[in-house]
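Next comes run23.pdb, a file with PDB, C-alpha atoms.
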ATOM      1  CA  MET A 274     149.423 -48.243 214.709  1.00  0.00           C
ATOM      2  CA  GLU A 275     148.706 -50.008 211.454  1.00  0.00           C
ATOM      3  CA  ASN A 276     147.896 -47.819 208.460  1.00  0.00           C
ATOM      4  CA  LYS A 277     145.135 -49.617 206.574  1.00  0.00           C
ATOM      5  CA  LYS A 278     143.854 -48.412 203.215  1.00  0.00           C
ATOM      6  CA  LEU A 279     140.125 -48.184 202.681  1.00  0.00           C
ATOM      7  CA  SER A 280     138.592 -50.588 200.179  1.00  0.00           C
ATOM      8  CA  LYS A 281     136.582 -49.220 197.270  1.00  0.00           C
ATOM      9  CA  PRO A 282     133.256 -50.159 198.928  1.00  0.00           C
ATOM     10  CA  GLN A 283     134.371 -48.353 202.098  1.00  0.00           C
ATOM     11  CA  LYS A 284     135.329 -45.293 200.059  1.00  0.00           C
ATOM     12  CA  TRP A 285     131.901 -45.430 198.352  1.00  0.00           C
ATOM     13  CA  ILE A 286     130.152 -45.257 201.714  1.00  0.00           C
ATOM     14  CA  ILE A 287     132.206 -42.227 202.759  1.00  0.00           C
ATOM     15  CA  LEU A 288     131.739 -40.552 199.360  1.00  0.00           C
ATOM     16  CA  GLY A 289     128.031 -40.896 200.032  1.00  0.00           C
ATOM     17  CA  ILE A 290     128.158 -38.149 202.658  1.00  0.00           C
ATOM     18  CA  PRO A 291     128.631 -35.152 200.330  1.00  0.00           C
ATOM     19  CA  VAL A 292     126.878 -36.778 197.359  1.00  0.00           C
ATOM     20  CA  LEU A 293     123.791 -37.701 199.381  1.00  0.00           C
ATOM     21  CA  PHE A 294     123.779 -34.214 200.894  1.00  0.00           C
ATOM     22  CA  ILE A 295     123.663 -32.648 197.420  1.00  0.00           C
ATOM     23  CA  ILE A 296     121.116 -35.113 196.002  1.00  0.00           C
ATOM     24  CA  SER A 297     118.882 -34.779 199.059  1.00  0.00           C
ATOM     25  CA  SER A 298     119.089 -30.992 198.893  1.00  0.00           C
ATOM     26  CA  LEU A 299     117.904 -31.094 195.281  1.00  0.00           C
ATOM     27  CA  ILE A 300     114.979 -33.312 196.298  1.00  0.00           C
ATOM     28  CA  HIS A 301     113.845 -30.627 198.758  1.00  0.00           C
ATOM     29  CA  SER A 302     112.234 -28.497 196.031  1.00  0.00           C
ATOM     30  CA  LEU A 303     111.416 -31.245 193.532  1.00  0.00           C
ATOM     31  CA  TYR A 304     107.705 -31.390 194.401  1.00  0.00           C
ATOM     32  CA  LYS A 305     107.159 -27.675 193.774  1.00  0.00           C
ATOM     33  CA  PHE A 306     109.469 -27.697 190.737  1.00  0.00           C
ATOM     34  CA  THR A 307     107.345 -30.420 189.095  1.00  0.00           C
ATOM     35  CA  GLY A 308     104.119 -28.488 189.638  1.00  0.00           C
ATOM     36  CA  GLU A 309     103.176 -30.508 192.719  1.00  0.00           C
ATOM     37  CA  ASN A 310     103.234 -33.812 190.855  1.00  0.00           C
ATOM     38  CA  PHE A 311     101.395 -36.462 192.883  1.00  0.00           C
ATOM     39  CA  ILE A 312     103.950 -39.222 192.262  1.00  0.00           C
ATOM     40  CA  ILE A 313     106.897 -36.962 193.094  1.00  0.00           C
ATOM     41  CA  GLY A 314     105.058 -35.968 196.272  1.00  0.00           C
ATOM     42  CA  MET A 315     105.177 -39.557 197.472  1.00  0.00           C
ATOM     43  CA  PHE A 316     108.977 -39.375 197.632  1.00  0.00           C
ATOM     44  CA  ALA A 317     109.825 -35.675 198.024  1.00  0.00           C
ATOM     45  CA  PRO A 318     108.709 -33.204 200.699  1.00  0.00           C
ATOM     46  CA  VAL A 319     105.267 -31.706 200.097  1.00  0.00           C
ATOM     47  CA  SER A 320     105.412 -29.406 203.132  1.00  0.00           C
ATOM     48  CA  GLU A 321     107.903 -27.930 205.556  1.00  0.00           C
ATOM     49  CA  SER A 322     107.215 -30.443 208.345  1.00  0.00           C
ATOM     50  CA  VAL A 323     110.085 -32.353 209.900  1.00  0.00           C
ATOM     51  CA  TRP A 324     108.522 -35.631 208.719  1.00  0.00           C
ATOM     52  CA  GLU A 325     108.361 -34.487 205.105  1.00  0.00           C
ATOM     53  CA  HIS A 326     111.983 -33.375 205.257  1.00  0.00           C
ATOM     54  CA  LEU A 327     112.986 -36.882 206.302  1.00  0.00           C
ATOM     55  CA  LYS A 328     111.765 -38.054 202.879  1.00  0.00           C
ATOM     56  CA  MET A 329     114.776 -36.259 201.406  1.00  0.00           C
ATOM     57  CA  VAL A 330     117.068 -39.077 202.604  1.00  0.00           C
ATOM     58  CA  VAL A 331     114.980 -42.251 202.334  1.00  0.00           C
ATOM     59  CA  LEU A 332     115.328 -43.112 198.648  1.00  0.00           C
ATOM     60  CA  PRO A 333     118.776 -41.553 198.168  1.00  0.00           C
ATOM     61  CA  ILE A 334     120.319 -43.637 200.954  1.00  0.00           C
ATOM     62  CA  ILE A 335     118.556 -46.835 199.902  1.00  0.00           C
ATOM     63  CA  LEU A 336     119.543 -46.322 196.261  1.00  0.00           C
ATOM     64  CA  TRP A 337     123.128 -45.258 197.119  1.00  0.00           C
ATOM     65  CA  TRP A 338     123.830 -48.542 198.860  1.00  0.00           C
ATOM     66  CA  THR A 339     121.708 -50.751 196.605  1.00  0.00           C
ATOM     67  CA  VAL A 340     123.024 -49.516 193.251  1.00  0.00           C
ATOM     68  CA  TYR A 341     126.627 -49.930 194.370  1.00  0.00           C
ATOM     69  CA  TYR A 342     125.996 -53.451 195.604  1.00  0.00           C
ATOM     70  CA  PHE A 343     124.399 -54.552 192.327  1.00  0.00           C
ATOM     71  CA  ALA A 344     127.060 -52.765 190.253  1.00  0.00           C
ATOM     72  CA  LYS A 345     130.150 -53.817 192.206  1.00  0.00           C
ATOM     73  CA  GLY A 346     129.140 -56.408 194.798  1.00  0.00           C
ATOM     74  CA  LYS A 347     130.476 -59.444 192.960  1.00  0.00           C
ATOM     75  CA  GLU A 348     133.586 -57.653 191.736  1.00  0.00           C
ATOM     76  CA  TYR A 349     134.606 -56.695 195.291  1.00  0.00           C
ATOM     77  CA  GLY A 350     133.196 -59.730 197.071  1.00  0.00           C
ATOM     78  CA  ILE A 351     130.809 -57.686 199.196  1.00  0.00           C
ATOM     79  CA  ASP A 352     128.893 -59.662 201.814  1.00  0.00           C
ATOM     80  CA  LYS A 353     125.298 -58.700 200.994  1.00  0.00           C
ATOM     81  CA  ASN A 354     124.017 -59.172 204.536  1.00  0.00           C
ATOM     82  CA  LYS A 355     126.707 -56.947 206.024  1.00  0.00           C
ATOM     83  CA  TRP A 356     126.314 -54.417 203.179  1.00  0.00           C
ATOM     84  CA  PHE A 357     122.558 -54.077 203.463  1.00  0.00           C
ATOM     85  CA  GLY A 358     122.770 -54.213 207.245  1.00  0.00           C
ATOM     86  CA  GLY A 359     125.062 -51.191 206.944  1.00  0.00           C
ATOM     87  CA  ALA A 360     122.552 -49.543 204.604  1.00  0.00           C
ATOM     88  CA  LEU A 361     119.752 -50.066 207.123  1.00  0.00           C
ATOM     89  CA  ILE A 362     121.873 -48.689 209.958  1.00  0.00           C
ATOM     90  CA  SER A 363     122.770 -45.668 207.813  1.00  0.00           C
ATOM     91  CA  LEU A 364     119.136 -44.962 206.997  1.00  0.00           C
ATOM     92  CA  LEU A 365     117.812 -45.452 210.523  1.00  0.00           C
ATOM     93  CA  ILE A 366     120.545 -43.387 212.190  1.00  0.00           C
ATOM     94  CA  THR A 367     119.987 -40.546 209.706  1.00  0.00           C
ATOM     95  CA  LEU A 368     116.204 -40.684 210.148  1.00  0.00           C
ATOM     96  CA  ILE A 369     116.515 -40.667 213.935  1.00  0.00           C
ATOM     97  CA  SER A 370     119.271 -38.033 214.159  1.00  0.00           C
ATOM     98  CA  ILE A 371     117.490 -35.333 212.165  1.00  0.00           C
ATOM     99  CA  PRO A 372     114.412 -34.934 214.399  1.00  0.00           C
ATOM    100  CA  LEU A 373     116.396 -35.507 217.603  1.00  0.00           C
ATOM    101  CA  LEU A 374     118.891 -32.762 216.781  1.00  0.00           C
ATOM    102  CA  TYR A 375     116.205 -30.464 215.353  1.00  0.00           C
ATOM    103  CA  TYR A 376     113.892 -30.717 218.348  1.00  0.00           C
ATOM    104  CA  PHE A 377     116.825 -30.434 220.755  1.00  0.00           C
ATOM    105  CA  TYR A 378     118.069 -27.136 219.379  1.00  0.00           C
ATOM    106  CA  THR A 379     114.659 -25.587 218.721  1.00  0.00           C
ATOM    107  CA  GLY A 380     113.382 -26.647 222.130  1.00  0.00           C
ATOM    108  CA  ALA A 381     116.521 -25.845 224.094  1.00  0.00           C
ATOM    109  CA  PHE A 382     117.209 -22.482 222.495  1.00  0.00           C
ATOM    110  CA  GLY A 383     113.764 -21.457 221.288  1.00  0.00           C
ATOM    111  CA  VAL A 384     115.007 -20.558 217.814  1.00  0.00           C
ATOM    112  CA  HIS A 385     114.698 -22.004 214.338  1.00  0.00           C
ATOM    113  CA  LEU A 386     117.518 -21.210 211.927  1.00  0.00           C
ATOM    114  CA  LEU A 387     117.796 -22.527 208.377  1.00  0.00           C
ATOM    115  CA  TRP A 388     121.588 -22.730 208.504  1.00  0.00           C
ATOM    116  CA  VAL A 389     121.394 -24.880 211.653  1.00  0.00           C
ATOM    117  CA  ASP A 390     118.851 -27.159 209.914  1.00  0.00           C
ATOM    118  CA  ILE A 391     121.287 -27.591 207.028  1.00  0.00           C
ATOM    119  CA  ILE A 392     124.170 -28.414 209.375  1.00  0.00           C
ATOM    120  CA  ILE A 393     121.965 -30.898 211.248  1.00  0.00           C
ATOM    121  CA  PHE A 394     121.099 -32.551 207.943  1.00  0.00           C
ATOM    122  CA  LEU A 395     124.786 -32.912 207.065  1.00  0.00           C
ATOM    123  CA  ILE A 396     125.690 -34.173 210.552  1.00  0.00           C
ATOM    124  CA  ALA A 397     122.884 -36.750 210.415  1.00  0.00           C
ATOM    125  CA  LEU A 398     124.102 -38.005 207.024  1.00  0.00           C
ATOM    126  CA  PHE A 399     127.652 -38.150 208.392  1.00  0.00           C
ATOM    127  CA  PHE A 400     126.609 -40.167 211.451  1.00  0.00           C
ATOM    128  CA  GLY A 401     124.405 -42.439 209.372  1.00  0.00           C
ATOM    129  CA  GLN A 402     127.027 -43.227 206.767  1.00  0.00           C
ATOM    130  CA  MET A 403     129.832 -43.646 209.283  1.00  0.00           C
ATOM    131  CA  LEU A 404     127.808 -45.987 211.491  1.00  0.00           C
ATOM    132  CA  GLY A 405     126.695 -47.860 208.365  1.00  0.00           C
ATOM    133  CA  LEU A 406     130.377 -48.196 207.438  1.00  0.00           C
ATOM    134  CA  TYR A 407     131.214 -49.362 210.954  1.00  0.00           C
ATOM    135  CA  TYR A 408     128.491 -52.000 210.763  1.00  0.00           C
ATOM    136  CA  TYR A 409     129.655 -53.113 207.318  1.00  0.00           C
ATOM    137  CA  ASN A 410     133.202 -53.504 208.655  1.00  0.00           C
ATOM    138  CA  ARG A 411     132.414 -55.117 212.002  1.00  0.00           C
ATOM    139  CA  GLY A 412     128.801 -56.282 212.067  1.00  0.00           C
ATOM    140  CA  LYS A 413     127.651 -59.851 211.680  1.00  0.00           C
ATOM    141  CA  GLY A 414     125.114 -59.015 208.991  1.00  0.00           C
ATOM    142  CA  ILE A 415     121.359 -58.811 208.766  1.00  0.00           C
ATOM    143  CA  SER A 416     119.419 -60.848 206.254  1.00  0.00           C
ATOM    144  CA  ALA A 417     119.295 -58.762 203.074  1.00  0.00           C
ATOM    145  CA  SER A 418     115.735 -59.988 202.524  1.00  0.00           C
ATOM    146  CA  LEU A 419     114.715 -58.661 205.928  1.00  0.00           C
ATOM    147  CA  VAL A 420     116.448 -55.347 205.210  1.00  0.00           C
ATOM    148  CA  PHE A 421     114.547 -54.980 201.925  1.00  0.00           C
ATOM    149  CA  LEU A 422     111.293 -55.741 203.707  1.00  0.00           C
ATOM    150  CA  ILE A 423     112.098 -53.015 206.247  1.00  0.00           C
ATOM    151  CA  PHE A 424     112.964 -50.614 203.397  1.00  0.00           C
ATOM    152  CA  ILE A 425     109.596 -51.334 201.776  1.00  0.00           C
ATOM    153  CA  ILE A 426     107.787 -50.734 205.063  1.00  0.00           C
ATOM    154  CA  ILE A 427     109.646 -47.441 205.606  1.00  0.00           C
ATOM    155  CA  ILE A 428     108.858 -46.251 202.072  1.00  0.00           C
ATOM    156  CA  PHE A 429     105.211 -47.301 202.487  1.00  0.00           C
ATOM    157  CA  LEU A 430     104.936 -45.381 205.780  1.00  0.00           C
ATOM    158  CA  PHE A 431     106.410 -42.251 204.241  1.00  0.00           C
ATOM    159  CA  ILE A 432     103.940 -42.436 201.358  1.00  0.00           C
ATOM    160  CA  LEU A 433     100.999 -43.192 203.660  1.00  0.00           C
ATOM    161  CA  PHE A 434     101.826 -40.404 206.109  1.00  0.00           C
ATOM    162  CA  THR A 435     102.173 -37.923 203.264  1.00  0.00           C
ATOM    163  CA  PHE A 436      98.459 -38.260 202.631  1.00  0.00           C
ATOM    164  CA  LYS A 437      97.091 -39.432 205.989  1.00  0.00           C
ATOM    165  CA  HIS A 438      99.221 -38.656 209.002  1.00  0.00           C
ATOM    166  CA  PRO A 439      98.688 -38.661 212.742  1.00  0.00           C
ATOM    167  CA  ASN A 440      98.104 -35.328 214.452  1.00  0.00           C
ATOM    168  CA  LEU A 441     101.587 -35.091 215.943  1.00  0.00           C
ATOM    169  CA  PRO A 442     104.039 -32.165 215.899  1.00  0.00           C
ATOM    170  CA  ILE A 443     106.537 -33.944 213.621  1.00  0.00           C
ATOM    171  CA  PHE A 444     103.889 -33.963 210.863  1.00  0.00           C
ATOM    172  CA  ASN A 445     102.918 -30.301 211.222  1.00  0.00           C
ATOM    173  CA  GLU A 446     104.704 -27.353 209.657  1.00  0.00           C
TER     174      GLU A 446
END
Step by step, read the file and then write its structure as structure tokens.
Amino acid sequence: MENKKLSKPQKWIILGIPVLFIISSLIHSLYKFTGENFIIGMFAPVSESVWEHLKMVVLPIILWWTVYYFAKGKEYGIDKNKWFGGALISLLITLISIPLLYYFYTGAFGVHLLWVDIIIFLIALFFGQMLGLYYYNRGKGISASLVFLIFIIIIFLFILFTFKHPNLPIFNE
């Protein structure tokens, strides 16, 4: 079996797991800490709903991948379509994993435990980043322009549903 070293961009993606976990955890209380600032509320949870908790990862993941690309992309010859395709995969997998795992354990076992929520959050970030890394390594790429359009739509939906959301369980505390 060949022992292959990880490139610096690959290491960055993996480093994102604990760093994004810490940053996202700090975002959890940012809205209350800022005196319920309207602008902060567009990007940080304003309630304890599952939907609002998903906001904790949206900007951190997008910024984690984007900042690195613009800081080091040319230096390391990063393919922008593969990189941002990986970023999109990371974000979508994380956003899908959190509610799936949360509703599975609360529905299957009839309990809600904070420590399990925290572990789910970390697992979702792990899956997201690792599948984003896999896509970056092996995917064909997705147009970076299309990825940014999807990012904008996701951010817009999170802002919109903060103030006007459907009457669905994911939006209720």
Closest atom pairs, region 373-403 of chain A residues within 12 Å of region 296-308 of chain A, all atoms listed in the file, as a Markdown table:
| residue | atom | partner | partner_atom | distance |
| --- | --- | --- | --- | --- |
| A:Asp390 | CA | A:Ser298 | CA | 11.7 |
| A:Ile391 | CA | A:Ser298 | CA | 9.1 |
| A:Ile392 | CA | A:Ser298 | CA | 11.9 |
| A:Phe394 | CA | A:Ser298 | CA | 9.4 |
| A:Leu395 | CA | A:Ser297 | CA | 10.1 |
| A:Leu398 | CA | A:Ser297 | CA | 10.1 |
Starting from the shown file, work through the PyMOL selection byres ((chain A and resi 337) around 10) and note down what comes out as a PyMOL selection string. chain A and resi 285-286+289+292-293+332-336+338-342+360
For the selection you just gave me, I'd like the residues written to a file as a PDB file, keeping the file's coordinate frame, keeping C-alpha atoms.
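The result, written out as again-v4.pdb:
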ATOM      1  CA  TRP A 285     131.901 -45.430 198.352  1.00  0.00           C
ATOM      2  CA  ILE A 286     130.152 -45.257 201.714  1.00  0.00           C
ATOM      3  CA  GLY A 289     128.031 -40.896 200.032  1.00  0.00           C
ATOM      4  CA  VAL A 292     126.878 -36.778 197.359  1.00  0.00           C
ATOM      5  CA  LEU A 293     123.791 -37.701 199.381  1.00  0.00           C
ATOM      6  CA  LEU A 332     115.328 -43.112 198.648  1.00  0.00           C
ATOM      7  CA  PRO A 333     118.776 -41.553 198.168  1.00  0.00           C
ATOM      8  CA  ILE A 334     120.319 -43.637 200.954  1.00  0.00           C
ATOM      9  CA  ILE A 335     118.556 -46.835 199.902  1.00  0.00           C
ATOM     10  CA  LEU A 336     119.543 -46.322 196.261  1.00  0.00           C
ATOM     11  CA  TRP A 338     123.830 -48.542 198.860  1.00  0.00           C
ATOM     12  CA  THR A 339     121.708 -50.751 196.605  1.00  0.00           C
ATOM     13  CA  VAL A 340     123.024 -49.516 193.251  1.00  0.00           C
ATOM     14  CA  TYR A 341     126.627 -49.930 194.370  1.00  0.00           C
ATOM     15  CA  TYR A 342     125.996 -53.451 195.604  1.00  0.00           C
ATOM     16  CA  ALA A 360     122.552 -49.543 204.604  1.00  0.00           C
TER      17      ALA A 360
END
Using all atoms listed in the file, which of the listed residues (A:Phe424, A:Phe400, A:Tyr407, A:Phe429) sits closest to Ile369 (chain A)?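 For Ile369 (chain A), the nearest of the candidates is A:Phe400.
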From the set A:Ile362, A:Ile427, A:Leu374, A:Ile287, which residue has the shortest atom-to-atom contact distance to Gly401 (chain A), counting only C-alpha atoms?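 Distance minimum relative to Gly401 (chain A) lands on A:Ile362.
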Can you pull out the residues contacting region 411-419 of chain A? Cut-off 12 Å, using only C-alpha atoms, and skip same-chain residues under 2 positions away; I want them as a ChimeraX atom specification. /A:338-339,342,351-362,404-409,421-426
At what distance in Å, to one decimal, does CA of Met329 (chain A) lie from CA of Lys281 (chain A)? 25.7 Å
So what does the PyMOL selection byres ((chain A and resi 445) around 8) actually pick up in this one, as a short mmCIF file (atom, residue, chain, number, x, y, z; two decimals) with C-alpha atoms, in the coordinates of the input?
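Dumped to out-v4.cif:
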data_model
loop_
_atom_site.label_atom_id
_atom_site.label_comp_id
_atom_site.auth_asym_id
_atom_site.auth_seq_id
_atom_site.Cartn_x
_atom_site.Cartn_y
_atom_site.Cartn_z
CA GLU A 321 107.90 -27.93 205.56
CA SER A 322 107.22 -30.44 208.34
CA VAL A 323 110.08 -32.35 209.90
CA ASN A 440 98.10 -35.33 214.45
CA LEU A 441 101.59 -35.09 215.94
CA PRO A 442 104.04 -32.16 215.90
CA ILE A 443 106.54 -33.94 213.62
CA PHE A 444 103.89 -33.96 210.86
CA GLU A 446 104.70 -27.35 209.66
#
I'd like to know which of A:Ile396, A:Leu386, A:Ala317, A:Ile428 is closest to Thr367 (chain A), using only C-alpha atoms.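 Counting only C-alpha atoms, the residue closest to Thr367 (chain A) is A:Ile396.
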Between CA of Leu433 (chain A) and CA of Ile290 (chain A), what distance in Å does the model show, to one decimal? 27.6 Å
For Pro372 (chain A), which residue out of A:Ala344, A:Ile393, A:Ile312, A:Val420 is the nearest one, using all atoms listed in the file?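 Checking each of A:Ala344, A:Ile393, A:Ile312, A:Val420 against Pro372 (chain A), counting all atoms listed in the file, the winner is A:Ile393.
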Atomic separation - CA of Glu309 (chain A) relative to CA of Leu364 (chain A), Å: 25.8 Å
Taking into account all atoms listed in the file, which residue in the set A:Ser363, A:Asn310, A:Thr435, A:Gln283 is nearest to Phe399 (chain A)? A:Ser363
